[in-house]
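Undergrad: After the structure tokens below, expect a handful of questions from me.
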Amino acid sequence: MGRDTDELLRALWEVGFDASRFDVEAIAVGAEFHLPFAEDSFDAVVSFGGLESIEVELLPAVLAEIRRITRRALLLFVDTSGAVDDALKNRRGWEVACFDAGFRKHPLFYRCNDYTALERDSAWIFVPLEKVPANAWACYPMAALREERDLHMDMLRESGSRSDAHVGRYHFAARFVRPGDVVLDAACGLGYGTYVVRSETRARSFIGIDASEYGVDYARLNFAGEAITFRQGMLPECLASVSDNSVDHVLCFETLEHVEDPVRLLAEFQRILTPGGRLTCSVPHDWSDETGRDPNPFHFHVYDKARFLSELGRYFELERLVAQTADRVKQPGDACVWLKRPRSLSDIPVDRDEIEAEWLLAVATKSPLDGWQVPYRENAFSPDEQWEAGNALAFARDYANPWLIRAMVSIGLRTDNVSLRAQWAEAVWRDPRSGDADRGAALCVLAYASQAEGSELPSATLLDWIDGYIVGERDALNPTVLRWHVSLLYVGGLLALAGGQRGRARSYFERVLAAPVASYSATLLTKPAEASYLLGLLLAAEGQGAEAQRIWWDTFQRILAALGERLTRGYSSRPPVFEVRELATALSLCGRLLAAATHGGSLASRSGIFHDECHADSVFQSRTLGELERLLANLRRDFLDQQTGLEELSLGKGWLEQQWSALQHEVRLRDDGLAHLTGAKAWLETQTAALQNELVRQREASDKALESCQKEASVLEVGKAWLEAQWRASEAERSRLQQALAELERGKAWLEQQWKVGQDALAQQRTEFEALLEGKLWLEDQWTHVLSELEAKGTELATLMASKDWLEVQWKAGQDLISLKTAELEGVLESKRWLEGQWEAVKAALANLTDRADWLEGQWRAAQGECSRQLAEIAALVESKTWLEQQWMAWQEQARLKDVELGVLSAGKDWLESQWSARGVELENRERRIHLQQAEIARLVAGLETAETQLGALGAEKAGLEAELVVAHDKSLRLKQSRLFRFFRKLGFFNFF
């Protein structure tokens with residue numbers, strides 16, 4: 001969709017895409033937008049300009065239609081300068097609009113938009129987006145996410161520098177994830193980072209762990225799927241279920257500061273990581289306030305570089321340390337001064353003390369040196385690839401510690417830290433437990449590190465070690481040892497050449513050509529090809545051009561035959577990709593050998609043609625283009641640094657102008673204040689004269705009032721004496737009443753005691769009565785039982801009448817039993833009458849006790865009434881005394897206030913006099929400060945003029961740098977057109993001729 005899409009369409013068609021074009025101007029139908037396609041018609045929609053001309057009110061409907069027809073992606077190219085609405089003149093406006101329409105950032109967003117370059121977007125912006133799954137969009141629309149923003153946020157659906165920082169560090173970490181890795185994202189949040197790394201790497205599986213149930217539910221609905229699982233758990237306890245040496249890479253961003261024991265968590269990471277496994281983590285860099293603590297209540301720790309490296313160093317080797325900034329940094333050396341800074345991501349030297357960073361990122365590795373104790377598993381290559389590669393991938397078979405290969409040896413898998421590789425390699429070389437293949441690999445790493453200046457070992461020592469390894473006894477049954485023999489001979493030749501030892505280098509190269517490299521693997525054929533070329537150059541420089549041509553030709557034929565044999569043999573299954581690429585490199589180097597053999601005769605007379613023909617192969621071109629790319633990257637970085645400097649100078653100029661305006665405003669305020677003070681001085685003089693007159697009048701009135709108060713005081717003294725006599729009498733009456741009250745209290749206590757005794761007796765009588773009642777009930781039960789037995793016996797007698805003899809016997813027995821039961825019944829009746837008598841006695845006792853309780857309560861109420869009356873009389877006397885004391889104190893307070901008023905008037909006069917003097921001194925001081933500020937303003941004006949002059953000079957320097965950048969770009973184009981001959985001639989490539 002959009003304008004000028006012909007070139008894009010043609011490019012898509014040429015690589016096999018089923019692409020079609022649609023005119024964006026045709027999407028308006030009446031007042032509605034409609035695209036004439038069914039739902040999910042396309043894998044991706046590309047909008048190449050045109051949307052910016054749509055009114056902002058109509059944009060949601062357009063984006064909703066685009067979401068309807070796409071299955072996954074929206075690739076948005078927008079010219080923000082042509083936007084009709086100010087809200088859409090920047091990247092943020094477009095991203096927010098797309099997020100509200102149901103899109104999120106594509107997981108490859110930061111491959112297309114460099115993190116630091118986002119700080120300075122051009123007019124044309126590229127926004128790659130992905131459609132949020134329908135069920136996830138239904139459960140988590142943007143409104144729901146914004147409610148949770150303080151606790152959780154999907155940074156793929158958030159715009160701005162901090163969102164870029166969070167996702168950008170996952171993009172940074174992806175380059176350190178190896179193919180086939182098992183990756184654990186500890187504290188994965190909403191899971192967006194796990195999804196980004198999965199999209200950018202060839203890792204085998206991913207596990208995301210987070211303590212938040214909300215976060216895990218969101219991650220499962222939005223990102224779970226192929227090779228990704230999410231689970232809930234609290235770190236570090238949840239890692240107990242993870243086996244030792246089972247994870248290859250741990251991602252842990254913004255987590256260490258949230259756990260109470262971060263060292264324990266790091267120890268758990270070290271336990272579960274495989275040898276050579278990596279930990280990529282980050283922490284806030286010194287977010288402390290004036291108290292030295294992080295104001296975030298969820299941050300338990302404050303990290304700086306020293307603490308971060310110290311804790312990591314307990315369990316890991318540091319590969320890389322990076323400073324990341326979103327929009328601000330804490331000023332080095334200051335407690336809590338924050339400076340505005342642009343987005344940045346840059347490496348930090350470990351020995352640098354003062355750094356500017358908002359976050360610290362580290363890539364650390366579990367040492368592979370103890371890997372010989374851990375069973376090896378191959379994750380990067382399938383069993384078919386291992387079978388087809390043969391010796392080249394037989395790590396578990398040929399190495400005592402196969403874990404060294406990915407951490408220290410294999411290009412693309414090993415650490416990029418040359419010094420760390422050299423450190424491990426030297427440890428393996430000196431370890432007596434290392435096998436021959438392990439030591440050969442370690443020595444080769446040391447040799448190449450020496451070439452890259454990453455090892456402190458002298459070349460002479462390395463060459464002696466190489467000679468010792470080559471001539472020493474070796475395991476003839478281990479093919480990998482042959483591989484390291486050949487590689488060490490080749491790199492030994494390079495070291496010897498670098499040291500000017502031409503004879504020794506020639507010897508090394510000849511031994512490379514004599515080695516049976518094809519018996520190991522065809523991938524090793526690149527070494528004799530490169531060694532043959534360098535050996536021929538050495539011979540040609542010594543005047544043996546014919547011998548050099550013969551070597552080039554013979555090596556060409558031998559390598560070509562070995563390649564042909566391998567290629568005609570074919571593959572029964574898919575081989576590893578690197579093998580075919582190595583064969584292609586060997587074949588390209590054969591082209592170099594053929595060109596050298598063909599043009600070697602004209603080497604002395606037409607060396608330029610020899611060079612052009614020999615270096616037209618892809619190997620040389622790729623290396624040259626890599627150097628050019630690094631050169632252009634350095635120029636671009638320098639240019640951006642200059643731009644940043646100019647922006648900072650511009651900000652400084654703006655600040656100086658603001659300060660100048662503020663100073664001018666302050667001077668105006670000071671002038672207004674001075675005029676106001678002059679008026680205030682006159683007003684104070686008038687007020688002083690008026691106060692002096694009022695003071696004389698008040699003093700005369702106070703003298704008269706004092707005489708009146710003295711008279712009233714003599715009267716009050718008499719009243720006071722009378723009151724004191726009355727008080728003493730009331731005190732005596734109060735003592736008598738207190739004694740009577742005490743007697744009443746004792747009577748009350750005795751009555752209460754008697755009441756308790758009566759209550760106890762009553763309780764005992766009640767207990768006895770209950771027992772008697774229970775006996776009565778038992779007797780009634782017995783009576784009923786006897787009656788029932790008599791009825792049963794009567795029935796038996798009626799039944800026995802059938803037999804006369806038997807009835808007579810039974811009759812006598814029945815008479816006896818009746819007599820016995822009659823006696824028992826009389827006893828029961830007697831017991832019943834006795835119980836009824838006891839019950840009547842108990843009821844009489846209870847009535848007596850109730851009467852006594854009523855009498856006691858009446859006595860108690862009478863005593864309380866008398867006591868209340870006496871207390872009321874005492875309270876009335878006390879109230880009278882209190883009123884008299886208050887009257888006496890009020891008269892005394894009036895007299896004291898008169899004295900205070902006179903003192904205040906006198907002090908007011910003294911204060912006004914002192915204020916007048918102080919105001920005079922202050923006015924003089926302000927005049928002096930105004931003169932000083934005028935001098936400071938003049939100095940700042942001069943500084944501003946100097947800064948403007950420097951800014952002009954820097955602008956001229958910027959123009960010069962831009963012109964130099966254009967010239968450098970033109971030069972690079974001319975170098976590519978001339979096959980870079982002059983460029984490499986200047987680099988000294990032909991110094992040995």
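By order in the structure tokens, chains are A, B, ...; within a chain, residues start at 1; ligands start at 1, following the order shown.
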If you run DSSP on the backbone, which residues of segment 461-587 of chain A are alpha helix (DSSP H), as a ChimeraX atom specification?
TA: /A:461-471,479-498,502-514,526-541,545-569,577-587
Undergrad: For Ala219 of chain A, work out the shell of residues within 12 Å, counting only C-alpha atoms and skipping chain neighbours fewer than 4 positions away, then give it as JSON, numbers by chain.
TA: {"A": [133, 136, 140, 152, 153, 154, 187, 188, 189, 190, 191, 192, 193, 194, 195, 207, 208, 209, 210, 212, 213, 214, 215, 223, 224, 225, 228, 229, 230, 231, 232]}
Undergrad: Go through A:Trp465, A:Phe269, A:Phe17, A:Phe22 one by one, measure the shortest atom-to-atom distance of each to Arg314 of chain A using only C-alpha atoms, and give the residue with the smallest value.
TA: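 Closest to Arg314 of chain A of all the choices is A:Phe269.
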Undergrad: Between A:Pro576, A:Pro60, A:Gly102, A:Gly952, which is the closest to Leu74 of chain A once you count only C-alpha atoms?
TA: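 Checking each of A:Pro576, A:Pro60, A:Gly102, A:Gly952 against Leu74 of chain A, counting only C-alpha atoms, the winner is A:Gly102.
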Undergrad: Write out as a compact mmCIF listing (two decimals) with N, CA and C atoms, in the first residue's frame the residues lying within 12 Å of Ala449 of chain A, counting only C-alpha atoms and excluding same-chain residues fewer than 2 positions away.
TA:
```txt
# COMPACT_ATOMS: atom_id res chain seq x y z
N MET A 408 35.85 -21.60 23.76
CA MET A 408 37.20 -21.08 23.52
C MET A 408 37.66 -21.21 22.07
N VAL A 409 37.07 -22.16 21.30
CA VAL A 409 37.68 -22.51 20.02
C VAL A 409 36.81 -22.12 18.83
N ASP A 416 34.10 -13.54 22.42
CA ASP A 416 34.82 -12.55 21.62
C ASP A 416 35.92 -11.86 22.42
N ASN A 417 35.99 -12.12 23.71
CA ASN A 417 36.99 -11.51 24.56
C ASN A 417 38.32 -12.24 24.36
N VAL A 418 39.24 -11.62 23.60
CA VAL A 418 40.50 -12.28 23.25
C VAL A 418 41.33 -12.57 24.49
N SER A 419 41.37 -11.64 25.43
CA SER A 419 42.16 -11.85 26.65
C SER A 419 41.62 -13.03 27.45
N LEU A 420 40.29 -13.15 27.55
CA LEU A 420 39.70 -14.27 28.30
C LEU A 420 39.99 -15.60 27.61
N ARG A 421 39.90 -15.62 26.28
CA ARG A 421 40.25 -16.84 25.55
C ARG A 421 41.70 -17.23 25.82
N ALA A 422 42.58 -16.25 25.80
CA ALA A 422 44.00 -16.53 26.05
C ALA A 422 44.22 -17.03 27.48
N GLN A 423 43.48 -16.46 28.43
CA GLN A 423 43.61 -16.90 29.83
C GLN A 423 43.20 -18.36 29.98
N TRP A 424 42.06 -18.74 29.39
CA TRP A 424 41.62 -20.14 29.46
C TRP A 424 42.62 -21.05 28.74
N ALA A 425 43.06 -20.60 27.58
CA ALA A 425 43.96 -21.43 26.77
C ALA A 425 45.27 -21.71 27.51
N GLU A 426 45.82 -20.71 28.16
CA GLU A 426 47.07 -20.92 28.89
C GLU A 426 46.85 -21.88 30.05
N ALA A 442 44.31 -25.30 22.66
CA ALA A 442 44.69 -24.18 23.52
C ALA A 442 45.88 -23.43 22.96
N LEU A 443 46.88 -24.16 22.47
CA LEU A 443 48.06 -23.51 21.92
C LEU A 443 47.71 -22.72 20.67
N CYS A 444 46.81 -23.23 19.84
CA CYS A 444 46.38 -22.51 18.64
C CYS A 444 45.66 -21.21 19.03
N VAL A 445 44.82 -21.28 20.06
CA VAL A 445 44.13 -20.07 20.54
C VAL A 445 45.14 -19.03 21.02
N LEU A 446 46.18 -19.48 21.74
CA LEU A 446 47.21 -18.55 22.22
C LEU A 446 47.96 -17.90 21.06
N ALA A 447 48.23 -18.70 20.03
CA ALA A 447 48.97 -18.16 18.89
C ALA A 447 48.17 -17.09 18.16
N GLN A 451 48.61 -12.84 17.74
CA GLN A 451 48.47 -12.04 16.52
C GLN A 451 47.52 -10.87 16.73
N ALA A 452 46.46 -11.10 17.51
CA ALA A 452 45.47 -10.05 17.77
C ALA A 452 45.85 -9.18 18.96
N GLU A 453 47.05 -9.35 19.50
CA GLU A 453 47.53 -8.60 20.65
C GLU A 453 46.64 -8.80 21.86
N GLY A 454 46.15 -10.03 22.00
CA GLY A 454 45.34 -10.34 23.17
C GLY A 454 46.07 -11.22 24.16
N SER A 455 47.35 -11.52 23.89
CA SER A 455 48.14 -12.36 24.78
C SER A 455 49.46 -11.68 25.06
N GLU A 456 49.92 -11.81 26.30
CA GLU A 456 51.19 -11.20 26.67
C GLU A 456 52.37 -12.12 26.42
N LEU A 457 52.13 -13.33 25.91
CA LEU A 457 53.22 -14.27 25.65
C LEU A 457 54.02 -13.81 24.44
N PRO A 458 55.36 -13.81 24.50
CA PRO A 458 56.17 -13.43 23.34
C PRO A 458 56.08 -14.48 22.24
N SER A 459 56.23 -14.04 20.99
CA SER A 459 56.13 -14.95 19.85
C SER A 459 57.18 -16.05 19.92
N LEU A 462 55.94 -18.84 22.07
CA LEU A 462 54.88 -19.59 21.39
C LEU A 462 55.46 -20.50 20.31
N VAL A 491 49.75 -21.20 11.68
CA VAL A 491 49.84 -19.99 12.48
C VAL A 491 51.27 -19.73 12.93
N LEU A 495 53.36 -16.27 12.57
CA LEU A 495 54.12 -15.62 13.64
C LEU A 495 55.58 -15.43 13.24
```
Undergrad: Work out how far atom CA of Asp164 of chain A is from atom CA of Gly50 of chain A, in Å to one decimal.
TA: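 Taking atom CA of Gly50 of chain A and atom CA of Asp164 of chain A, their separation equals 26.3 Å.
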Undergrad: As a list in words, please: the residues near Phe381 of chain A (cut-off 9 Å, only C-alpha atoms, same-chain neighbours under 6 positions excluded).
TA: Pro179, Gly180, Leu393 and Pro576 of chain A
Undergrad: Please save all heavy atoms of the selected residues as a short mmCIF file (atom, residue, chain, number, x, y, z; two decimals), in the first residue's frame.
TA:
```
data_model
loop_
_atom_site.label_atom_id
_atom_site.label_comp_id
_atom_site.auth_asym_id
_atom_site.auth_seq_id
_atom_site.Cartn_x
_atom_site.Cartn_y
_atom_site.Cartn_z
N PRO A 179 23.53 -21.46 18.93
CA PRO A 179 22.57 -22.42 18.36
C PRO A 179 22.45 -23.66 19.25
O PRO A 179 23.44 -24.19 19.75
CB PRO A 179 23.19 -22.77 17.00
CG PRO A 179 24.06 -21.61 16.67
CD PRO A 179 24.60 -21.11 17.98
N GLY A 180 21.20 -24.10 19.48
CA GLY A 180 20.97 -25.28 20.29
C GLY A 180 20.95 -25.04 21.78
O GLY A 180 20.78 -25.98 22.56
N LEU A 393 33.42 -32.88 13.82
CA LEU A 393 32.49 -32.68 14.93
C LEU A 393 32.58 -33.78 15.99
O LEU A 393 31.67 -33.91 16.80
CB LEU A 393 31.05 -32.60 14.42
CG LEU A 393 30.70 -31.37 13.57
CD1 LEU A 393 29.24 -31.42 13.14
CD2 LEU A 393 30.97 -30.08 14.32
N PRO A 576 26.47 -30.44 7.95
CA PRO A 576 26.46 -29.12 8.58
C PRO A 576 26.77 -28.05 7.54
O PRO A 576 27.58 -28.25 6.63
CB PRO A 576 27.56 -29.22 9.65
CG PRO A 576 28.44 -30.32 9.19
CD PRO A 576 27.57 -31.30 8.47
#
```
Undergrad: Excluding Leu239 of chain A and residues on its chain fewer than 5 positions from it, collect all residues at most 9 Å away from it, counting only C-alpha atoms, and give them as a PDB file with N, CA and C atoms, in the first residue's frame.
TA:
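For reference, result-v2.pdb as written:
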```
ATOM      1  N   GLY A 233       7.130 -18.805  39.650  1.00  0.00           N
ATOM      2  CA  GLY A 233       8.030 -19.214  40.728  1.00  0.00           C
ATOM      3  C   GLY A 233       8.777 -18.027  41.292  1.00  0.00           C
ATOM      4  N   MET A 234       9.193 -18.166  42.555  1.00  0.00           N
ATOM      5  CA  MET A 234       9.929 -17.106  43.238  1.00  0.00           C
ATOM      6  C   MET A 234      11.424 -17.455  43.224  1.00  0.00           C
ATOM      7  N   LEU A 265      21.358 -16.112  44.499  1.00  0.00           N
ATOM      8  CA  LEU A 265      20.777 -16.302  43.173  1.00  0.00           C
ATOM      9  C   LEU A 265      21.862 -16.529  42.131  1.00  0.00           C
ATOM     10  N   GLU A 268      23.045 -20.039  42.306  1.00  0.00           N
ATOM     11  CA  GLU A 268      22.121 -20.963  41.655  1.00  0.00           C
ATOM     12  C   GLU A 268      22.299 -20.937  40.135  1.00  0.00           C
ATOM     13  N   PHE A 269      22.492 -19.742  39.581  1.00  0.00           N
ATOM     14  CA  PHE A 269      22.739 -19.653  38.144  1.00  0.00           C
ATOM     15  C   PHE A 269      24.008 -20.429  37.765  1.00  0.00           C
ATOM     16  N   ILE A 272      23.262 -24.273  37.691  1.00  0.00           N
ATOM     17  CA  ILE A 272      22.458 -24.861  36.617  1.00  0.00           C
ATOM     18  C   ILE A 272      23.085 -24.663  35.243  1.00  0.00           C
TER      19      ILE A 272
END
```
Undergrad: For the contact check between segment 535-589 of chain A and segment 497-507 of chain A, emit one row per residue of segment 535-589 of chain A within 10 Å, containing the shortest atom pair and the distance in Å rounded to one decimal, counting only C-alpha atoms, chain then rising number order, as a tab-separated table.
TA:
```
residue	atom	partner	partner_atom	distance
A:Leu535	CA	A:Arg506	CA	6.1
A:Gly536	CA	A:Arg506	CA	9.3
A:Leu538	CA	A:Arg506	CA	7.3
A:Leu539	CA	A:Arg506	CA	8.6
```
Undergrad: Convert the current residue selection to file output with all heavy atoms, as a PDB file, in the first residue's frame.
TA:
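result-v2.pdb, freshly written:
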```
ATOM      1  N   LEU A 535      53.891 -19.436   0.814  1.00  0.00           N
ATOM      2  CA  LEU A 535      55.193 -20.063   0.531  1.00  0.00           C
ATOM      3  C   LEU A 535      55.684 -19.649  -0.846  1.00  0.00           C
ATOM      4  O   LEU A 535      56.877 -19.336  -1.046  1.00  0.00           O
ATOM      5  CB  LEU A 535      55.052 -21.578   0.628  1.00  0.00           C
ATOM      6  CG  LEU A 535      56.321 -22.392   0.289  1.00  0.00           C
ATOM      7  CD1 LEU A 535      57.475 -22.018   1.219  1.00  0.00           C
ATOM      8  CD2 LEU A 535      56.028 -23.887   0.367  1.00  0.00           C
ATOM      9  N   GLY A 536      54.771 -19.620  -1.849  1.00  0.00           N
ATOM     10  CA  GLY A 536      55.183 -19.190  -3.188  1.00  0.00           C
ATOM     11  C   GLY A 536      55.660 -17.753  -3.208  1.00  0.00           C
ATOM     12  O   GLY A 536      56.627 -17.414  -3.903  1.00  0.00           O
ATOM     13  N   LEU A 538      57.094 -16.190  -0.729  1.00  0.00           N
ATOM     14  CA  LEU A 538      58.434 -16.187  -0.128  1.00  0.00           C
ATOM     15  C   LEU A 538      59.494 -16.599  -1.155  1.00  0.00           C
ATOM     16  O   LEU A 538      60.568 -15.981  -1.268  1.00  0.00           O
ATOM     17  CB  LEU A 538      58.465 -17.137   1.072  1.00  0.00           C
ATOM     18  CG  LEU A 538      57.808 -16.638   2.368  1.00  0.00           C
ATOM     19  CD1 LEU A 538      57.737 -17.768   3.378  1.00  0.00           C
ATOM     20  CD2 LEU A 538      58.587 -15.467   2.950  1.00  0.00           C
ATOM     21  N   LEU A 539      59.194 -17.662  -1.927  1.00  0.00           N
ATOM     22  CA  LEU A 539      60.151 -18.137  -2.929  1.00  0.00           C
ATOM     23  C   LEU A 539      60.331 -17.108  -4.041  1.00  0.00           C
ATOM     24  O   LEU A 539      61.456 -16.864  -4.497  1.00  0.00           O
ATOM     25  CB  LEU A 539      59.662 -19.464  -3.514  1.00  0.00           C
ATOM     26  CG  LEU A 539      59.659 -20.649  -2.538  1.00  0.00           C
ATOM     27  CD1 LEU A 539      58.982 -21.855  -3.161  1.00  0.00           C
ATOM     28  CD2 LEU A 539      61.091 -20.999  -2.125  1.00  0.00           C
TER      29      LEU A 539
END
```
Undergrad: Which residues are near Leu75 of chain A? Cut-off 8 Å, only C-alpha atoms, ignore same chain within fewer than 2 positions. Put them as a list in words.
TA: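 In the requested form, the answer reads Ala44, Val45, Val46, Ser47, Ala73, Phe77, Phe126, Val127, Pro128 and Leu129 of chain A.
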Undergrad: Neighbours of Glu130 of chain A within 10 Å (only C-alpha atoms; same-chain residues fewer than 6 positions away dropped), as an mmCIF file with N, CA, C and O atoms, in the first residue's frame?
TA:
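In the end it all went to part-v4.cif:
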```cif
data_model
loop_
_atom_site.group_PDB
_atom_site.id
_atom_site.type_symbol
_atom_site.label_atom_id
_atom_site.label_comp_id
_atom_site.auth_asym_id
_atom_site.auth_seq_id
_atom_site.Cartn_x
_atom_site.Cartn_y
_atom_site.Cartn_z
ATOM 1 N N ALA A 44 1.766 -10.332 5.401
ATOM 2 C CA ALA A 44 2.293 -9.028 5.803
ATOM 3 C C ALA A 44 1.691 -7.951 4.924
ATOM 4 O O ALA A 44 1.415 -8.172 3.740
ATOM 5 N N ARG A 67 -5.362 -4.374 10.205
ATOM 6 C CA ARG A 67 -5.245 -5.504 11.136
ATOM 7 C C ARG A 67 -6.160 -6.653 10.724
ATOM 8 O O ARG A 67 -5.824 -7.830 10.870
ATOM 9 N N THR A 70 -4.437 -8.681 7.693
ATOM 10 C CA THR A 70 -3.108 -9.279 7.813
ATOM 11 C C THR A 70 -3.109 -10.409 8.835
ATOM 12 O O THR A 70 -3.809 -10.344 9.842
ATOM 13 N N ARG A 71 -2.323 -11.435 8.541
ATOM 14 C CA ARG A 71 -2.199 -12.549 9.479
ATOM 15 C C ARG A 71 -1.148 -12.279 10.538
ATOM 16 O O ARG A 71 -1.266 -12.761 11.657
ATOM 17 N N ARG A 72 -0.097 -11.512 10.174
ATOM 18 C CA ARG A 72 0.946 -11.320 11.163
ATOM 19 C C ARG A 72 1.524 -9.912 11.198
ATOM 20 O O ARG A 72 1.451 -9.240 12.203
ATOM 21 N N ALA A 73 2.083 -9.422 10.057
ATOM 22 C CA ALA A 73 2.965 -8.257 10.149
ATOM 23 C C ALA A 73 2.387 -7.043 9.442
ATOM 24 O O ALA A 73 1.651 -7.148 8.460
ATOM 25 N N LEU A 74 2.751 -5.856 9.954
ATOM 26 C CA LEU A 74 2.547 -4.578 9.299
ATOM 27 C C LEU A 74 3.891 -3.862 9.301
ATOM 28 O O LEU A 74 4.443 -3.560 10.360
ATOM 29 N N LEU A 75 4.417 -3.603 8.089
ATOM 30 C CA LEU A 75 5.690 -2.902 7.942
ATOM 31 C C LEU A 75 5.379 -1.490 7.486
ATOM 32 O O LEU A 75 4.925 -1.275 6.361
ATOM 33 N N CYS A 98 -0.654 2.650 16.445
ATOM 34 C CA CYS A 98 -0.648 1.241 16.032
ATOM 35 C C CYS A 98 -0.879 0.313 17.229
ATOM 36 O O CYS A 98 -1.559 -0.716 17.097
ATOM 37 N N PHE A 99 -0.328 0.647 18.391
ATOM 38 C CA PHE A 99 -0.568 -0.180 19.582
ATOM 39 C C PHE A 99 -2.059 -0.175 19.946
ATOM 40 O O PHE A 99 -2.629 -1.224 20.285
ATOM 41 N N GLY A 102 -4.127 -2.645 17.950
ATOM 42 C CA GLY A 102 -3.958 -4.091 18.095
ATOM 43 C C GLY A 102 -2.663 -4.624 17.528
ATOM 44 O O GLY A 102 -2.561 -5.820 17.240
ATOM 45 N N PHE A 103 -1.662 -3.766 17.370
ATOM 46 C CA PHE A 103 -0.348 -4.211 16.922
ATOM 47 C C PHE A 103 0.659 -4.053 18.054
ATOM 48 O O PHE A 103 0.419 -3.335 19.039
ATOM 49 N N ARG A 104 1.789 -4.717 17.906
ATOM 50 C CA ARG A 104 2.927 -4.545 18.819
ATOM 51 C C ARG A 104 4.197 -4.513 17.983
ATOM 52 O O ARG A 104 4.189 -4.837 16.785
ATOM 53 N N LYS A 105 5.297 -4.108 18.600
ATOM 54 C CA LYS A 105 6.571 -4.091 17.877
ATOM 55 C C LYS A 105 6.920 -5.494 17.388
ATOM 56 O O LYS A 105 6.734 -6.476 18.111
ATOM 57 N N HIS A 106 7.410 -5.551 16.171
ATOM 58 C CA HIS A 106 7.875 -6.833 15.637
ATOM 59 C C HIS A 106 9.077 -7.292 16.453
ATOM 60 O O HIS A 106 9.882 -6.471 16.902
ATOM 61 N N PRO A 107 9.229 -8.613 16.688
ATOM 62 C CA PRO A 107 10.388 -9.059 17.491
ATOM 63 C C PRO A 107 11.733 -8.714 16.870
ATOM 64 O O PRO A 107 12.754 -8.710 17.567
ATOM 65 N N LEU A 108 11.760 -8.423 15.548
ATOM 66 C CA LEU A 108 13.017 -8.011 14.902
ATOM 67 C C LEU A 108 13.095 -6.488 14.759
ATOM 68 O O LEU A 108 13.879 -5.989 13.947
ATOM 69 N N PHE A 109 12.299 -5.759 15.533
ATOM 70 C CA PHE A 109 12.235 -4.295 15.452
ATOM 71 C C PHE A 109 13.624 -3.671 15.578
ATOM 72 O O PHE A 109 13.990 -2.767 14.828
ATOM 73 N N LEU A 156 6.820 -4.346 24.173
ATOM 74 C CA LEU A 156 6.551 -4.371 22.737
ATOM 75 C C LEU A 156 5.300 -3.574 22.398
ATOM 76 O O LEU A 156 5.020 -3.338 21.213
#
```
